$ cat model.tsv   # TSV, C-alpha atoms
chain	number	residue	atom	x	y	z
A	1	MET	CA	21.73	1.50	-9.80
A	2	ASN	CA	19.32	1.61	-6.87
A	3	LYS	CA	16.10	-0.05	-8.05
A	4	ASP	CA	14.68	-0.45	-4.54
A	5	ILE	CA	10.91	-0.45	-4.10
A	6	VAL	CA	9.05	0.65	-0.96
A	7	ILE	CA	5.55	-0.83	-0.75
A	8	ILE	CA	2.84	0.57	1.51
A	9	ALA	CA	-0.35	-1.40	2.04
A	10	ASP	CA	-3.70	-0.74	3.69
A	11	THR	CA	-3.21	2.48	5.63
A	12	GLN	CA	-7.02	2.63	6.06
A	13	VAL	CA	-7.24	6.26	7.14
A	14	ASP	CA	-10.39	8.08	8.22
A	15	GLY	CA	-10.92	11.41	9.97
A	16	THR	CA	-9.71	10.18	13.36
A	17	SER	CA	-6.76	7.94	12.46
A	18	PRO	CA	-3.33	8.56	14.06
A	19	THR	CA	-0.68	9.42	11.46
A	20	ASP	CA	2.65	9.54	13.32
A	21	HIS	CA	3.78	6.47	11.38
A	22	LEU	CA	3.23	8.24	8.05
A	23	ARG	CA	5.42	11.15	9.16
A	24	ALA	CA	8.09	8.63	10.20
A	25	LEU	CA	7.74	6.87	6.84
A	26	SER	CA	8.41	10.15	5.05
A	27	LEU	CA	11.72	10.43	6.94
A	28	TYR	CA	12.58	6.82	6.08
A	29	ILE	CA	11.88	7.44	2.40
A	30	TRP	CA	14.09	10.52	2.35
A	31	LYS	CA	16.96	8.69	4.04
A	32	HIS	CA	16.84	5.55	1.88
A	33	LYS	CA	15.67	7.16	-1.39
A	34	PRO	CA	14.14	4.12	-3.10
A	35	LYS	CA	13.68	4.41	-6.84
A	36	HIS	CA	10.02	3.42	-6.64
A	37	ILE	CA	7.29	3.91	-4.06
A	38	ILE	CA	4.05	1.95	-4.41
A	39	HIS	CA	0.93	2.31	-2.30
A	40	ILE	CA	-0.99	-0.86	-2.98
A	41	GLY	CA	-4.43	0.47	-2.02
A	42	ASP	CA	-6.93	0.95	0.79
A	43	HIS	CA	-5.43	4.26	1.86
A	44	TRP	CA	-8.87	5.72	2.55
A	45	ASP	CA	-10.94	3.57	4.89
A	46	PHE	CA	-14.38	5.11	4.18
A	47	PRO	CA	-16.19	3.70	7.23
A	48	SER	CA	-19.11	6.01	6.38
A	49	LEU	CA	-19.70	3.93	3.22
A	50	SER	CA	-19.22	0.49	4.77
A	51	THR	CA	-21.99	-1.97	4.01
A	52	TYR	CA	-20.71	-4.24	6.78
A	53	ALA	CA	-20.96	-1.77	9.68
A	54	SER	CA	-24.19	-1.49	11.66
A	55	MET	CA	-26.23	1.72	11.71
A	56	PHE	CA	-25.00	2.25	15.27
A	57	GLU	CA	-21.36	2.00	14.14
A	58	ARG	CA	-22.00	4.49	11.33
A	59	GLU	CA	-24.14	6.83	13.42
A	60	ASN	CA	-21.71	9.79	13.51
A	61	SER	CA	-19.53	8.97	10.52
A	62	ARG	CA	-19.29	11.48	7.68
A	63	LEU	CA	-17.96	11.05	4.15
A	64	LEU	CA	-16.39	14.51	4.25
A	65	SER	CA	-14.35	13.57	7.34
A	66	ASP	CA	-13.24	10.33	5.69
A	67	LEU	CA	-12.08	12.18	2.59
A	68	GLN	CA	-10.32	15.01	4.40
A	69	GLY	CA	-8.56	12.67	6.82
A	70	GLY	CA	-7.33	10.47	3.99
A	71	ASP	CA	-6.22	13.42	1.86
A	72	THR	CA	-4.21	15.00	4.68
A	73	ALA	CA	-2.59	11.69	5.61
A	74	PHE	CA	-1.71	10.88	2.00
A	75	LYS	CA	0.32	14.09	1.70
A	76	LEU	CA	2.41	13.03	4.70
A	77	ILE	CA	4.00	10.15	2.78
A	78	MET	CA	6.15	12.48	0.68
A	79	GLU	CA	6.22	15.36	3.18
A	80	GLU	CA	9.94	15.14	4.02
A	81	THR	CA	10.93	14.67	0.38
A	82	ASP	CA	8.91	17.74	-0.63
A	83	LYS	CA	10.44	19.72	2.23
A	84	GLN	CA	14.03	18.73	1.41
A	85	ASN	CA	13.63	19.08	-2.37
A	86	ALA	CA	12.48	22.66	-1.86
A	87	LYS	CA	15.96	23.45	-0.48
A	88	ARG	CA	18.00	21.70	-3.17
A	89	LYS	CA	18.80	22.00	-6.86
A	90	LYS	CA	19.33	18.25	-7.19
A	91	GLN	CA	15.92	16.69	-6.70
A	92	TYR	CA	15.05	13.23	-5.42
A	93	SER	CA	12.19	12.10	-7.67
A	94	PRO	CA	11.09	8.48	-7.24
A	95	THR	CA	8.31	7.03	-9.36
A	96	LEU	CA	5.08	7.03	-7.37
A	97	ASP	CA	2.33	4.50	-8.07
A	98	PHE	CA	-1.03	3.92	-6.39
A	99	THR	CA	-3.23	0.90	-7.02
A	100	MET	CA	-6.89	1.30	-6.11
A	101	GLY	CA	-8.14	-0.97	-3.32
A	102	ASN	CA	-11.55	-2.27	-2.36
A	103	HIS	CA	-12.00	0.58	0.14
A	104	GLU	CA	-11.48	3.15	-2.63
A	105	TYR	CA	-13.92	1.08	-4.64
A	106	ARG	CA	-16.51	1.72	-1.92
A	107	LEU	CA	-16.64	5.35	-3.05
A	108	LYS	CA	-16.80	4.43	-6.74
A	109	ARG	CA	-19.66	2.01	-6.09
A	110	TYR	CA	-21.53	4.57	-3.98
A	111	ILE	CA	-21.28	7.16	-6.77
A	112	GLU	CA	-22.43	4.60	-9.34
A	113	ASN	CA	-25.51	4.01	-7.16
A	114	ASN	CA	-25.99	7.76	-6.71
A	115	PRO	CA	-24.98	9.21	-10.10
A	116	ILE	CA	-26.03	12.72	-9.09
A	117	LEU	CA	-22.65	12.81	-7.24
A	118	GLU	CA	-20.64	12.14	-10.41
A	119	GLY	CA	-17.64	14.49	-10.41
A	120	CYS	CA	-18.05	15.61	-6.79
A	121	PHE	CA	-15.65	13.11	-5.24
A	122	ASP	CA	-12.65	11.63	-7.04
A	123	VAL	CA	-9.76	10.22	-5.02
A	124	GLY	CA	-8.01	9.19	-8.23
A	125	SER	CA	-7.75	12.79	-9.38
A	126	PHE	CA	-6.49	13.81	-5.94
A	127	VAL	CA	-3.76	11.16	-6.02
A	128	LYS	CA	-2.72	12.21	-9.54
A	129	GLY	CA	-2.60	15.81	-8.36
A	130	GLU	CA	-0.06	14.74	-5.73
A	131	GLY	CA	2.21	13.40	-8.48
A	132	TRP	CA	1.31	9.71	-8.34
A	133	ASN	CA	0.36	7.36	-11.17
A	134	VAL	CA	-3.00	5.70	-10.52
A	135	HIS	CA	-3.82	2.11	-11.46
A	136	PRO	CA	-7.42	0.80	-11.56
A	137	TYR	CA	-8.81	-1.62	-9.01
A	138	LEU	CA	-7.70	-5.21	-9.71
A	139	VAL	CA	-5.81	-4.36	-12.89
A	140	PRO	CA	-2.27	-5.79	-12.57
A	141	PHE	CA	0.54	-3.23	-12.43
A	142	TRP	CA	3.93	-4.64	-13.45
A	143	LEU	CA	7.25	-3.19	-12.37
A	144	GLU	CA	10.71	-4.82	-12.45
A	145	GLY	CA	9.00	-8.10	-13.43
A	146	ILE	CA	6.79	-8.04	-10.32
A	147	CYS	CA	2.99	-7.94	-10.36
A	148	PHE	CA	1.46	-5.45	-7.91
A	149	MET	CA	-2.28	-5.66	-7.11
A	150	HIS	CA	-4.40	-4.87	-4.10
A	151	PHE	CA	-5.15	-8.57	-3.83
A	152	MET	CA	-4.48	-11.59	-6.02
A	153	PRO	CA	-7.85	-12.62	-7.49
A	154	ASN	CA	-9.20	-16.08	-8.12
A	155	ALA	CA	-9.53	-16.36	-11.90
A	156	ALA	CA	-12.98	-17.98	-11.64
A	157	SER	CA	-14.64	-15.80	-8.99
A	158	GLY	CA	-12.60	-12.58	-8.90
A	159	ARG	CA	-12.40	-12.90	-5.13
A	160	ALA	CA	-9.17	-12.65	-3.17
A	161	VAL	CA	-7.06	-15.80	-2.95
A	162	GLY	CA	-6.52	-16.25	0.78
A	163	GLY	CA	-4.56	-18.56	3.01
A	164	GLY	CA	-0.79	-18.74	3.31
A	165	ILE	CA	1.80	-17.54	0.84
A	166	GLU	CA	2.56	-21.05	-0.43
A	167	ASN	CA	-1.03	-21.38	-1.58
A	168	LYS	CA	-0.66	-18.17	-3.62
A	169	LEU	CA	2.74	-19.16	-5.03
A	170	ASN	CA	1.12	-22.35	-6.31
A	171	LYS	CA	-1.50	-20.33	-8.19
A	172	PHE	CA	0.62	-17.48	-9.59
A	173	PRO	CA	3.82	-18.49	-11.43
A	174	HIS	CA	5.47	-15.10	-11.19
A	175	SER	CA	6.63	-12.64	-8.54
A	176	PHE	CA	3.83	-10.64	-6.93
A	177	VAL	CA	3.08	-8.26	-4.08
A	178	HIS	CA	-0.39	-7.65	-2.68
A	179	GLY	CA	-2.09	-6.14	0.34
A	180	HIS	CA	-5.64	-6.65	1.66
A	181	GLN	CA	-4.77	-9.29	4.28
A	182	GLN	CA	-3.68	-7.90	7.65
A	183	GLN	CA	-0.61	-10.08	7.98
A	184	PHE	CA	2.86	-9.92	6.43
A	185	GLN	CA	3.69	-13.03	4.41
A	186	PHE	CA	6.73	-13.88	2.32
A	187	GLY	CA	7.78	-16.88	0.28
A	188	ARG	CA	10.18	-17.46	-2.58
A	189	ARG	CA	11.21	-20.05	-5.11
A	190	GLN	CA	13.75	-20.26	-7.90
A	191	ASN	CA	14.09	-22.59	-10.86
A	192	LEU	CA	17.21	-24.57	-11.70
A	193	GLU	CA	18.56	-21.65	-13.74
A	194	GLY	CA	18.44	-19.49	-10.60
A	195	ARG	CA	15.55	-17.34	-11.83
A	196	PRO	CA	13.66	-16.05	-8.75
A	197	HIS	CA	9.94	-16.09	-8.12
A	198	PHE	CA	8.62	-14.64	-4.87
A	199	GLY	CA	5.33	-13.68	-3.33
A	200	ILE	CA	4.60	-11.07	-0.66
A	201	CYS	CA	1.54	-10.08	1.28
A	202	ALA	CA	2.55	-6.60	2.48
A	203	GLY	CA	0.10	-6.74	5.37
A	204	SER	CA	-1.25	-3.47	6.75
A	205	PHE	CA	0.20	-0.15	7.86
A	206	TYR	CA	-1.99	1.55	10.43
A	207	MET	CA	-1.62	2.27	14.14
A	208	HIS	CA	-5.21	2.02	15.35
A	209	ASP	CA	-7.13	-1.14	16.18
A	210	GLU	CA	-10.27	-2.02	14.25
A	211	ALA	CA	-13.21	-2.64	16.61
A	212	TYR	CA	-14.78	-5.21	14.29
A	213	ARG	CA	-11.66	-7.40	14.57
A	214	GLY	CA	-11.86	-7.71	18.35
A	215	ALA	CA	-8.90	-9.70	19.70
A	216	CYS	CA	-7.49	-10.19	16.18
A	217	ASN	CA	-5.64	-6.86	16.04
A	218	THR	CA	-2.33	-8.31	17.22
A	219	GLU	CA	-0.67	-9.04	13.85
A	220	ILE	CA	2.62	-7.34	12.97
A	221	ARG	CA	2.14	-4.19	10.90
A	222	GLY	CA	4.53	-2.16	8.81
A	223	PHE	CA	5.71	-1.79	5.21
A	224	VAL	CA	7.97	-3.65	2.80
A	225	HIS	CA	11.29	-2.46	1.38
A	226	LEU	CA	12.40	-4.52	-1.63
A	227	LYS	CA	16.15	-4.10	-1.96
A	228	SER	CA	17.37	-4.78	-5.48
A	229	PHE	CA	20.40	-6.80	-6.53
A	230	GLN	CA	21.56	-9.10	-9.32
A	231	ASN	CA	21.95	-12.69	-8.23
A	232	ARG	CA	24.93	-14.85	-9.09
A	233	TYR	CA	23.16	-16.23	-12.18
A	234	GLY	CA	22.61	-12.76	-13.63
A	235	PHE	CA	18.92	-12.39	-12.79
A	236	ALA	CA	17.39	-9.30	-11.20
A	237	ASP	CA	16.26	-10.09	-7.67
A	238	HIS	CA	15.18	-8.40	-4.45
A	239	ASP	CA	15.65	-8.97	-0.74
A	240	ALA	CA	12.40	-8.35	1.11
A	241	GLU	CA	12.79	-6.37	4.32
A	242	PHE	CA	9.71	-5.87	6.47
A	243	VAL	CA	9.92	-2.69	8.57
A	244	SER	CA	7.57	-2.89	11.53
A	245	LEU	CA	5.55	0.03	12.85
A	246	GLU	CA	7.35	-0.27	16.17
A	247	ARG	CA	10.87	-0.18	14.70
A	248	LEU	CA	9.94	2.62	12.32
A	249	LEU	CA	8.61	4.81	15.15
A	250	ILE	CA	11.63	4.09	17.37
A	251	GLU	CA	14.11	5.02	14.62
A	252	TYR	CA	12.23	7.76	12.77
A	253	GLY	CA	9.46	8.96	15.06
A	254	LYS	CA	9.57	12.53	16.34

$ encode --input "model.tsv" --output "structure tokens"
Amino acid sequence: MNKDIVIIADTQVDGTSPTDHLRALSLYIWKHKPKHIIHIGDHWDFPSLSTYASMFERENSRLLSDLQGGDTAFKLIMEETDKQNAKRKKQYSPTLDFTMGNHEYRLKRYIENNPILEGCFDVGSFVKGEGWNVHPYLVPFWLEGICFMHFMPNAASGRAVGGGIENKLNKFPHSFVHGHQQQFQFGRRQNLEGRPHFGICAGSFYMHDEAYRGACNTEIRGFVHLKSFQNRYGFADHDAEFVSLERLLIEYGK
């Protein structure tokens, strides 16, 4: 049985973000039909709520634009599936899961500081309305024995464990996938029984460059396709394929 998992990380959409890659992703999803699709958070960028940006950088930003841009882009992920399912009796229905990221948490924190807005803005309800399961910020979501979180937190501070993948594998004795860092990372181990244990930083999946990062926008970007199989010792395992933005747009762009 196909137990493949497609993982999307850090799309960071606002009202001006290009979205050709999300349309291409929808075609990829329809062709490959993974059993599970997980967006690991930071879909909405919310630059209007950033506490790091200067007043000059936020001068013309609007929360409404951030929300509308993110909402429209989110629908693109399953656009081709919705289109094709409408023509067919036999439906392709993967499980859809969304884990809240720190950028979504920007909105939650803003509402908590301005409680008069309670109930006016709710990205979680929007995501649920699109047919996705929603998982709270920094609450582990487990699937196929793999932990999915927006980032892997330090147990003492709650802050993201950074550095290379080997550093994270040393701290978390189980398979995991996270986003948050703008760089794809992969590492794996197995014990003497052949039981696998791997770690993945899914990187980021956006086309635009972030001005605040200056010359540091050159990292590879894309998404991760975990391809399921049973290894020769009888344990469930996955190959990790990273699909770059460039290759995706060449093969599936319109």

$ closest_atom_pairs --input "model.tsv" --of "segment 146-178 of chain A" --to "segment 184-189 of chain A" --cutoff "12 Å" --atoms "all atoms listed in the file" --output "CSV"
residue,atom,partner,partner_atom,distance
A:Gly162,CA,A:Gln185,CA,11.3
A:Gly163,CA,A:Gln185,CA,10.0
A:Gly164,CA,A:Gln185,CA,7.3
A:Ile165,CA,A:Gly187,CA,6.0
A:Glu166,CA,A:Gly187,CA,6.7
A:Asn167,CA,A:Gly187,CA,10.1
A:Lys168,CA,A:Gly187,CA,9.4
A:Leu169,CA,A:Gly187,CA,7.7
A:Asn170,CA,A:Arg189,CA,10.4
A:Phe172,CA,A:Arg189,CA,11.8
A:Pro173,CA,A:Arg189,CA,9.8
A:His174,CA,A:Arg189,CA,9.7
A:Ser175,CA,A:Arg188,CA,8.4
A:Phe176,CA,A:Phe186,CA,10.2
A:Val177,CA,A:Phe186,CA,9.3
A:His178,CA,A:Gln185,CA,9.8

$ write_last_selection --input "model.tsv" --atoms "C-alpha atoms" --output "PDB file, in the frame of the given file"
ATOM      1  CA  GLY A 162      -6.520 -16.250   0.780  1.00  0.00           C
ATOM      2  CA  GLY A 163      -4.560 -18.560   3.010  1.00  0.00           C
ATOM      3  CA  GLY A 164      -0.790 -18.740   3.310  1.00  0.00           C
ATOM      4  CA  ILE A 165       1.800 -17.540   0.840  1.00  0.00           C
ATOM      5  CA  GLU A 166       2.560 -21.050  -0.430  1.00  0.00           C
ATOM      6  CA  ASN A 167      -1.030 -21.380  -1.580  1.00  0.00           C
ATOM      7  CA  LYS A 168      -0.660 -18.170  -3.620  1.00  0.00           C
ATOM      8  CA  LEU A 169       2.740 -19.160  -5.030  1.00  0.00           C
ATOM      9  CA  ASN A 170       1.120 -22.350  -6.310  1.00  0.00           C
ATOM     10  CA  PHE A 172       0.620 -17.480  -9.590  1.00  0.00           C
ATOM     11  CA  PRO A 173       3.820 -18.490 -11.430  1.00  0.00           C
ATOM     12  CA  HIS A 174       5.470 -15.100 -11.190  1.00  0.00           C
ATOM     13  CA  SER A 175       6.630 -12.640  -8.540  1.00  0.00           C
ATOM     14  CA  PHE A 176       3.830 -10.640  -6.930  1.00  0.00           C
ATOM     15  CA  VAL A 177       3.080  -8.260  -4.080  1.00  0.00           C
ATOM     16  CA  HIS A 178      -0.390  -7.650  -2.680  1.00  0.00           C
TER      17      HIS A 178
END

$ closest_residue --input "model.tsv" --among "A:Lys89, A:His208, A:Arg213, A:Arg232" --to "Asp20 of chain A" --atoms "all atoms listed in the file"
A:His208

$ closest_atom_pairs --input "model.tsv" --of "segment 55-152 of chain A" --to "segment 7-15 of chain A" --cutoff "9 Å" --atoms "all atoms listed in the file" --output "CSV"
residue,atom,partner,partner_atom,distance
A:Ser61,CA,A:Gly15,CA,9.0
A:Arg62,CA,A:Gly15,CA,8.7
A:Leu64,CA,A:Gly15,CA,8.5
A:Ser65,CA,A:Gly15,CA,4.8
A:Asp66,CA,A:Asp14,CA,4.4
A:Leu67,CA,A:Asp14,CA,7.2
A:Gln68,CA,A:Gly15,CA,6.7
A:Gly69,CA,A:Gly15,CA,4.1
A:Gly70,CA,A:Val13,CA,5.3
A:Asp71,CA,A:Val13,CA,9.0
A:Ala73,CA,A:Val13,CA,7.3
A:Phe74,CA,A:Val13,CA,8.9
A:Gly101,CA,A:Asp10,CA,8.3
A:His103,CA,A:Gln12,CA,8.0
A:His150,CA,A:Ala9,CA,8.1

$ closest_residue --input "model.tsv" --among "A:Leu117, A:Ile37, A:Val127, A:Ala236" --to "Pro196 of chain A" --atoms "all atoms listed in the file"
A:Ala236

$ residues_near_point --input "model.tsv" --point "(-2.4, -5.3, -9.9)" --cutoff "8 Å" --atoms "all atoms listed in the file" --output "VMD selection string"
chain A and resid 99 135 137 to 142 147 to 152 178

$ residues_around --input "model.tsv" --residues "Gly234 of chain A" --least-positions-apart "4" --cutoff "12 Å" --atoms "all atoms listed in the file" --output "MDAnalysis selection string"
chainID A and resid 193:196 229:230

$ residues_near_point --input "model.tsv" --point "(3.7, 12.0, 4.6)" --cutoff "6 Å" --atoms "all atoms listed in the file" --output "list in words"
Leu22, Arg23, Ser26, Lys75, Leu76, Ile77, Met78 and Glu79 of chain A

$ write_last_selection --input "model.tsv" --atoms "C-alpha atoms" --output "compact mmCIF listing (two decimals), keeping the file's coordinate frame"
# COMPACT_ATOMS: atom_id res chain seq x y z
CA LEU A 22 3.23 8.24 8.05
CA ARG A 23 5.42 11.15 9.16
CA SER A 26 8.41 10.15 5.05
CA LYS A 75 0.32 14.09 1.70
CA LEU A 76 2.41 13.03 4.70
CA ILE A 77 4.00 10.15 2.78
CA MET A 78 6.15 12.48 0.68
CA GLU A 79 6.22 15.36 3.18

$ atom_distance --input "model.tsv" --atom1 "atom CA of Asn133 of chain A" --atom2 "atom CA of Glu112 of chain A"
23.0 Å

$ decode --input "model.tsv" --residues "segment 77-173 of chain A" --atoms "C-alpha atoms" --output "CSV table (one decimal), in the first residue's frame"
chain,number,residue,atom,x,y,z
A,77,ILE,CA,-2.2,23.1,-3.0
A,78,MET,CA,-5.2,20.8,-3.6
A,79,GLU,CA,-6.5,22.7,-6.7
A,80,GLU,CA,-5.7,19.9,-9.2
A,81,THR,CA,-7.0,17.2,-7.0
A,82,ASP,CA,-10.3,19.1,-6.4
A,83,LYS,CA,-10.6,19.7,-10.1
A,84,GLN,CA,-10.0,16.1,-11.1
A,85,ASN,CA,-12.1,14.6,-8.3
A,86,ALA,CA,-15.1,16.7,-9.6
A,87,LYS,CA,-14.9,14.7,-12.8
A,88,ARG,CA,-14.6,11.2,-11.3
A,89,LYS,CA,-16.6,8.8,-9.2
A,90,LYS,CA,-13.5,7.3,-7.6
A,91,GLN,CA,-12.0,10.0,-5.5
A,92,TYR,CA,-8.4,10.5,-4.4
A,93,SER,CA,-8.6,11.5,-0.8
A,94,PRO,CA,-5.3,11.8,1.1
A,95,THR,CA,-5.2,12.7,4.7
A,96,LEU,CA,-4.3,16.4,5.1
A,97,ASP,CA,-2.6,17.8,8.2
A,98,PHE,CA,-1.4,21.3,9.0
A,99,THR,CA,0.9,22.1,12.0
A,100,MET,CA,0.8,25.7,13.2
A,101,GLY,CA,4.1,27.6,12.8
A,102,ASN,CA,5.6,30.6,14.5
A,103,HIS,CA,4.3,32.9,11.8
A,104,GLU,CA,0.7,31.7,12.4
A,105,TYR,CA,1.4,32.2,16.1
A,106,ARG,CA,2.1,35.9,15.3
A,107,LEU,CA,-1.6,36.3,14.6
A,108,LYS,CA,-2.6,34.3,17.8
A,109,ARG,CA,-0.3,36.5,19.9
A,110,TYR,CA,-1.6,39.7,18.3
A,111,ILE,CA,-5.2,38.7,19.1
A,112,GLU,CA,-4.3,37.8,22.7
A,113,ASN,CA,-2.8,41.3,23.0
A,114,ASN,CA,-5.9,42.8,21.4
A,115,PRO,CA,-8.8,40.6,22.7
A,116,ILE,CA,-11.4,42.8,21.0
A,117,LEU,CA,-10.4,41.0,17.8
A,118,GLU,CA,-11.3,37.6,19.3
A,119,GLY,CA,-13.2,35.6,16.6
A,120,CYS,CA,-12.5,38.0,13.8
A,121,PHE,CA,-9.4,36.2,12.4
A,122,ASP,CA,-8.9,32.5,12.6
A,123,VAL,CA,-6.6,30.7,10.2
A,124,GLY,CA,-7.2,27.4,12.0
A,125,SER,CA,-10.9,27.5,11.1
A,126,PHE,CA,-10.0,28.4,7.5
A,127,VAL,CA,-7.6,25.4,7.2
A,128,LYS,CA,-10.2,23.1,8.7
A,129,GLY,CA,-12.8,24.4,6.3
A,130,GLU,CA,-10.5,23.3,3.5
A,131,GLY,CA,-10.6,19.8,4.8
A,132,TRP,CA,-7.3,19.7,6.7
A,133,ASN,CA,-6.6,18.5,10.3
A,134,VAL,CA,-5.0,21.3,12.4
A,135,HIS,CA,-2.4,20.6,15.0
A,136,PRO,CA,-1.4,23.3,17.6
A,137,TYR,CA,1.9,25.1,17.6
A,138,LEU,CA,4.7,23.0,19.0
A,139,VAL,CA,2.5,20.0,19.9
A,140,PRO,CA,4.1,16.9,18.3
A,141,PHE,CA,2.0,15.2,15.6
A,142,TRP,CA,2.9,11.6,15.0
A,143,LEU,CA,2.3,9.7,11.8
A,144,GLU,CA,3.8,6.4,10.6
A,145,GLY,CA,6.1,6.5,13.7
A,146,ILE,CA,7.5,9.9,12.6
A,147,CYS,CA,7.2,13.1,14.7
A,148,PHE,CA,6.2,16.2,12.7
A,149,MET,CA,6.6,19.7,14.3
A,150,HIS,CA,7.3,23.1,13.0
A,151,PHE,CA,10.6,23.0,14.7
A,152,MET,CA,12.2,20.6,17.2
A,153,PRO,CA,12.3,22.5,20.6
A,154,ASN,CA,15.0,22.5,23.2
A,155,ALA,CA,13.4,20.8,26.3
A,156,ALA,CA,14.8,23.4,28.7
A,157,SER,CA,14.1,26.6,26.7
A,158,GLY,CA,11.4,25.7,24.2
A,159,ARG,CA,13.5,27.4,21.5
A,160,ALA,CA,14.3,25.7,18.2
A,161,VAL,CA,17.3,23.3,18.2
A,162,GLY,CA,19.5,24.6,15.4
A,163,GLY,CA,22.7,23.6,13.7
A,164,GLY,CA,23.1,20.5,11.5
A,165,ILE,CA,21.0,17.4,11.4
A,166,GLU,CA,23.5,15.3,13.3
A,167,ASN,CA,23.1,17.7,16.3
A,168,LYS,CA,19.3,17.1,16.2
A,169,LEU,CA,19.6,13.3,15.7
A,170,ASN,CA,21.7,13.3,18.9
A,171,LYS,CA,18.9,15.0,20.8
A,172,PHE,CA,15.9,13.2,19.5
A,173,PRO,CA,16.0,9.4,19.5
